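Let me begin by presenting the structure, written as structure tokens, before commenting on it.
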Amino acid sequence: MTVLHIDSSISGENSASRAITRSILDQLTIERGGADVIYRDLAAEPIPHLTLDAFADSSVIDEFLAADTIVIGAPMYNFSAPTQLKAWIDRIVVAGKTFQYTANGPEGLAKGKRVIIGLARGGFYNQGSPAAALEHLETYLRGVFNFIGIEPEFVVAEGLGISPEHRQTAIQQALGDTVRLAA
Ligand SMILES: Cc1cc2nc3c(=O)[nH]c(=O)nc-3n(C[C@H](O)[C@H](O)[C@H](O)COP(=O)(O)O)c2cc1C
């Protein structure tokens, strides 16, 4: 099994999404020992924003296509994905490689991969809540991965800005969820 592990939080050791992805990795490698893990820290080594010339460099999409399982740390910044993560997505959603248009509409070509997303956000965005219309992270990531043929799984820690106590409880709960997810 080849696992591609991606983090994008700017918060280093204080990052909730990094703690969640680390725990998912621990679970996956415990369960299926011997996995090859490739790690990309998009905050430490950002991928340049998309340009026409960038399409000539297939290293990012090749790495994605070679992985069976992709684990992604996704903090919410300004209601959406960090720009670092968006730059990575811009390299993996490529016509003819991860999707194609057919007479029946778009078809995902990346079927069969497992994508697990460790998502962290400061507020609450559940349906019916005042901020629900501003949730452009989970909906965006689900939409993007569905588009290329993958149903992503989410482990979510939310309301992290409410209080230090709530933050700790929510992160612990998400870490517990990673155990059940791997099982
Ligand atoms: C630059 C920045 C922007 C943020 N914007 C939002 C936001 O729009 N909505 C939200 O609920 N939380 C927001 N937050 C809070 C983060 O989502 C929260 O701190 C979460 O823990 C970030 O994940 P991380 O700990 O892995 O970095 C923001 C935090 C930062 C640093």
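Order determines the names: the first chain of the structure tokens is A, the second B, and so forth; residues in each chain are numbered 1 upward, and ligands are numbered 1 upward as they are shown.
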Given 10 Å and only C-alpha atoms and all ligand atoms, residues near ligand 1 as a PyMOL selection string
chain A and resi 7-21+73-82+118-125+131+134-137+157-162+167+171
Would you mind writing down, as a PyMOL selection string, each residue of chain A that DSSP on the backbone assigns to helix (DSSP H, G or I)?
chain A and resi 12-14+16-31+53-56+59-66+83-92+132-134+138-147+164-182
One-decimal distance in Å that lies between CA of Val115 in chain A and CA of Phe99 in chain A
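Separating CA of Phe99 in chain A from CA of Val115 in chain A is a distance of 16.2 Å.
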Tell me which protein, DNA and RNA residues are within 12 Å of Gly33 in chain A, counting only C-alpha atoms, leaving out same-chain ones fewer than 6 positions away, and put them as a list in words.
Met1, Thr2, Val3, Leu25, Asp26 and Gln27 of chain A
Residues at most 10 Å from Ile89 in chain A, counting only C-alpha atoms, excluding those fewer than 6 positions away in the same chain, as a PDB file with C-alpha atoms, in the first residue's frame?
```
ATOM      1  CA  LEU A  50      -0.949  27.347 -11.126  1.00  0.00           C
ATOM      2  CA  VAL A  60       2.423  16.292  -8.202  1.00  0.00           C
ATOM      3  CA  ILE A  61      -0.261  14.404 -10.116  1.00  0.00           C
ATOM      4  CA  ALA A  81      -9.215  25.613   1.948  1.00  0.00           C
ATOM      5  CA  THR A  83      -4.281  28.542  -0.531  1.00  0.00           C
ATOM      6  CA  LEU A 141     -13.398  18.989  -0.991  1.00  0.00           C
ATOM      7  CA  VAL A 144     -13.723  18.034  -6.022  1.00  0.00           C
ATOM      8  CA  PHE A 145     -13.049  14.422  -5.051  1.00  0.00           C
TER       9      PHE A 145
END
```
Just give me the gap between CA of Leu181 in chain A and CA of Ile30 in chain A in Å, one decimal is fine.
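Going from CA of Leu181 in chain A over to CA of Ile30 in chain A, I get 12.8 Å.
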Out of range 5-181 of chain A, which residues get strand (DSSP E) from DSSP, as a PyMOL selection string?
chain A and resi 5-7+36-41+69-75+99-102+105-108+114-120+153-157
Pick from A:Thr169, A:Tyr140, A:Asp57, A:Ile70: nearest to Tyr39 in chain A, with only C-alpha atoms counted?
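Ranked by minimum distance to Tyr39 in chain A, first place goes to A:Ile70.
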Compare A:Ala67, A:Ala56, A:Leu175, A:Val94 by their minimum atom-to-atom distance to Ala35 in chain A, counting only C-alpha atoms, and give me the closest one.
A:Ala67
Please provide the set of residues having any atom within 12 Å of Thr51 in chain A, restricted to only C-alpha atoms, with same-chain residues fewer than 4 positions apart removed, written as a ChimeraX atom specification.
/A:47,55-57,87,90-91
Ranking A:Thr29, A:Ser163, A:Asn104, A:Ser23 by minimum distance to Ile72 in chain A and counting only C-alpha atoms, which one comes first?
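Using only C-alpha atoms, the shortest distance to Ile72 in chain A belongs to A:Ser23.
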Tell me, as a PDB file with all heavy atoms, in the first residue's frame, which residues lie within 12 Å of Gln100 in chain A, counting only C-alpha atoms; anything in the same chain fewer than 4 positions away does not count.
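And here is the file that came out, result_5.pdb:
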```pdb
ATOM      1  N   VAL A  93      -6.356  17.958 -10.399  1.00  0.00           N
ATOM      2  CA  VAL A  93      -7.614  17.900 -11.171  1.00  0.00           C
ATOM      3  C   VAL A  93      -7.261  18.265 -12.609  1.00  0.00           C
ATOM      4  O   VAL A  93      -7.204  19.430 -12.976  1.00  0.00           O
ATOM      5  CB  VAL A  93      -8.673  18.850 -10.577  1.00  0.00           C
ATOM      6  CG1 VAL A  93      -9.975  18.757 -11.363  1.00  0.00           C
ATOM      7  CG2 VAL A  93      -8.924  18.510  -9.112  1.00  0.00           C
ATOM      8  N   VAL A  94      -6.965  17.245 -13.385  1.00  0.00           N
ATOM      9  CA  VAL A  94      -6.410  17.466 -14.719  1.00  0.00           C
ATOM     10  C   VAL A  94      -7.194  16.636 -15.737  1.00  0.00           C
ATOM     11  O   VAL A  94      -7.299  15.402 -15.612  1.00  0.00           O
ATOM     12  CB  VAL A  94      -4.903  17.074 -14.753  1.00  0.00           C
ATOM     13  CG1 VAL A  94      -4.339  17.253 -16.161  1.00  0.00           C
ATOM     14  CG2 VAL A  94      -4.103  17.910 -13.753  1.00  0.00           C
ATOM     15  N   ALA A  95      -7.737  17.309 -16.733  1.00  0.00           N
ATOM     16  CA  ALA A  95      -8.515  16.621 -17.781  1.00  0.00           C
ATOM     17  C   ALA A  95      -7.650  15.567 -18.462  1.00  0.00           C
ATOM     18  O   ALA A  95      -6.471  15.788 -18.756  1.00  0.00           O
ATOM     19  CB  ALA A  95      -8.999  17.642 -18.810  1.00  0.00           C
ATOM     20  N   GLY A  96      -8.241  14.400 -18.655  1.00  0.00           N
ATOM     21  CA  GLY A  96      -7.530  13.312 -19.320  1.00  0.00           C
ATOM     22  C   GLY A  96      -6.742  12.447 -18.348  1.00  0.00           C
ATOM     23  O   GLY A  96      -6.334  11.337 -18.685  1.00  0.00           O
ATOM     24  N   ASN A 104     -22.053  11.838 -21.810  1.00  0.00           N
ATOM     25  CA  ASN A 104     -22.978  11.832 -20.665  1.00  0.00           C
ATOM     26  C   ASN A 104     -22.548  12.784 -19.550  1.00  0.00           C
ATOM     27  O   ASN A 104     -23.056  12.702 -18.440  1.00  0.00           O
ATOM     28  CB  ASN A 104     -23.086  10.422 -20.091  1.00  0.00           C
ATOM     29  CG  ASN A 104     -23.595   9.441 -21.112  1.00  0.00           C
ATOM     30  OD1 ASN A 104     -24.478   9.788 -21.903  1.00  0.00           O
ATOM     31  ND2 ASN A 104     -23.030   8.244 -21.131  1.00  0.00           N
ATOM     32  N   GLY A 105     -21.571  13.631 -19.824  1.00  0.00           N
ATOM     33  CA  GLY A 105     -21.104  14.558 -18.786  1.00  0.00           C
ATOM     34  C   GLY A 105     -19.740  14.150 -18.262  1.00  0.00           C
ATOM     35  O   GLY A 105     -19.098  13.247 -18.810  1.00  0.00           O
ATOM     36  N   PRO A 106     -19.291  14.782 -17.177  1.00  0.00           N
ATOM     37  CA  PRO A 106     -17.953  14.500 -16.664  1.00  0.00           C
ATOM     38  C   PRO A 106     -17.860  13.117 -16.025  1.00  0.00           C
ATOM     39  O   PRO A 106     -18.824  12.636 -15.431  1.00  0.00           O
ATOM     40  CB  PRO A 106     -17.722  15.601 -15.624  1.00  0.00           C
ATOM     41  CG  PRO A 106     -19.069  16.117 -15.276  1.00  0.00           C
ATOM     42  CD  PRO A 106     -19.984  15.832 -16.416  1.00  0.00           C
ATOM     43  N   GLU A 107     -16.707  12.502 -16.156  1.00  0.00           N
ATOM     44  CA  GLU A 107     -16.477  11.186 -15.541  1.00  0.00           C
ATOM     45  C   GLU A 107     -15.152  11.229 -14.779  1.00  0.00           C
ATOM     46  O   GLU A 107     -14.123  11.657 -15.327  1.00  0.00           O
ATOM     47  CB  GLU A 107     -16.372  10.129 -16.646  1.00  0.00           C
ATOM     48  CG  GLU A 107     -16.157   8.737 -16.090  1.00  0.00           C
ATOM     49  CD  GLU A 107     -15.790   7.708 -17.169  1.00  0.00           C
ATOM     50  OE1 GLU A 107     -15.607   8.100 -18.334  1.00  0.00           O
ATOM     51  OE2 GLU A 107     -15.644   6.531 -16.809  1.00  0.00           O
ATOM     52  N   GLY A 108     -15.188  10.791 -13.518  1.00  0.00           N
ATOM     53  CA  GLY A 108     -13.964  10.729 -12.717  1.00  0.00           C
ATOM     54  C   GLY A 108     -13.109   9.548 -13.149  1.00  0.00           C
ATOM     55  O   GLY A 108     -13.625   8.460 -13.416  1.00  0.00           O
ATOM     56  N   LEU A 109     -11.806   9.772 -13.209  1.00  0.00           N
ATOM     57  CA  LEU A 109     -10.884   8.706 -13.637  1.00  0.00           C
ATOM     58  C   LEU A 109     -10.000   8.213 -12.493  1.00  0.00           C
ATOM     59  O   LEU A 109      -9.132   7.374 -12.719  1.00  0.00           O
ATOM     60  CB  LEU A 109      -9.992   9.226 -14.783  1.00  0.00           C
ATOM     61  CG  LEU A 109     -10.726   9.686 -16.053  1.00  0.00           C
ATOM     62  CD1 LEU A 109      -9.715  10.259 -17.057  1.00  0.00           C
ATOM     63  CD2 LEU A 109     -11.497   8.526 -16.674  1.00  0.00           C
ATOM     64  N   ALA A 110     -10.223   8.752 -11.292  1.00  0.00           N
ATOM     65  CA  ALA A 110      -9.348   8.371 -10.170  1.00  0.00           C
ATOM     66  C   ALA A 110     -10.055   7.394  -9.230  1.00  0.00           C
ATOM     67  O   ALA A 110      -9.725   7.312  -8.043  1.00  0.00           O
ATOM     68  CB  ALA A 110      -8.899   9.629  -9.429  1.00  0.00           C
ATOM     69  N   PHE A 147     -15.892  14.650  -8.126  1.00  0.00           N
ATOM     70  CA  PHE A 147     -15.725  14.969  -9.549  1.00  0.00           C
ATOM     71  C   PHE A 147     -14.677  14.066 -10.207  1.00  0.00           C
ATOM     72  O   PHE A 147     -14.805  13.700 -11.379  1.00  0.00           O
ATOM     73  CB  PHE A 147     -15.317  16.447  -9.692  1.00  0.00           C
ATOM     74  CG  PHE A 147     -15.234  16.935 -11.099  1.00  0.00           C
ATOM     75  CD1 PHE A 147     -16.381  17.220 -11.823  1.00  0.00           C
ATOM     76  CD2 PHE A 147     -14.005  17.121 -11.718  1.00  0.00           C
ATOM     77  CE1 PHE A 147     -16.304  17.669 -13.137  1.00  0.00           C
ATOM     78  CE2 PHE A 147     -13.916  17.566 -13.030  1.00  0.00           C
ATOM     79  CZ  PHE A 147     -15.065  17.840 -13.746  1.00  0.00           C
ATOM     80  N   ILE A 148     -13.649  13.718  -9.439  1.00  0.00           N
ATOM     81  CA  ILE A 148     -12.608  12.846 -10.029  1.00  0.00           C
ATOM     82  C   ILE A 148     -12.844  11.363  -9.686  1.00  0.00           C
ATOM     83  O   ILE A 148     -11.976  10.524  -9.925  1.00  0.00           O
ATOM     84  CB  ILE A 148     -11.173  13.315  -9.674  1.00  0.00           C
ATOM     85  CG1 ILE A 148     -10.905  13.234  -8.167  1.00  0.00           C
ATOM     86  CG2 ILE A 148     -10.913  14.719 -10.207  1.00  0.00           C
ATOM     87  CD1 ILE A 148      -9.434  13.489  -7.808  1.00  0.00           C
ATOM     88  N   GLY A 149     -14.006  11.056  -9.110  1.00  0.00           N
ATOM     89  CA  GLY A 149     -14.389   9.650  -8.955  1.00  0.00           C
ATOM     90  C   GLY A 149     -14.191   9.049  -7.583  1.00  0.00           C
ATOM     91  O   GLY A 149     -14.220   7.827  -7.424  1.00  0.00           O
TER      92      GLY A 149
END
```
Hey, which of A:Ser59, A:Ala54, A:Leu4, A:Leu65 ends up closest to Asp41 in chain A? Count only C-alpha atoms.
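Between A:Ser59, A:Ala54, A:Leu4, A:Leu65, the residue approaching Asp41 in chain A most closely is A:Leu4.
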I'd like to know which of A:Pro48, A:Gly34, A:Gly176, A:Pro152 is closest to Glu138 in chain A, using only C-alpha atoms.
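Of all the options, A:Pro152 lies closest to Glu138 in chain A.
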Computed interatomic separation between CA of Ala133 in chain A and CA of His49 in chain A (Å)
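Here the two named atoms are 26.8 Å from each other.
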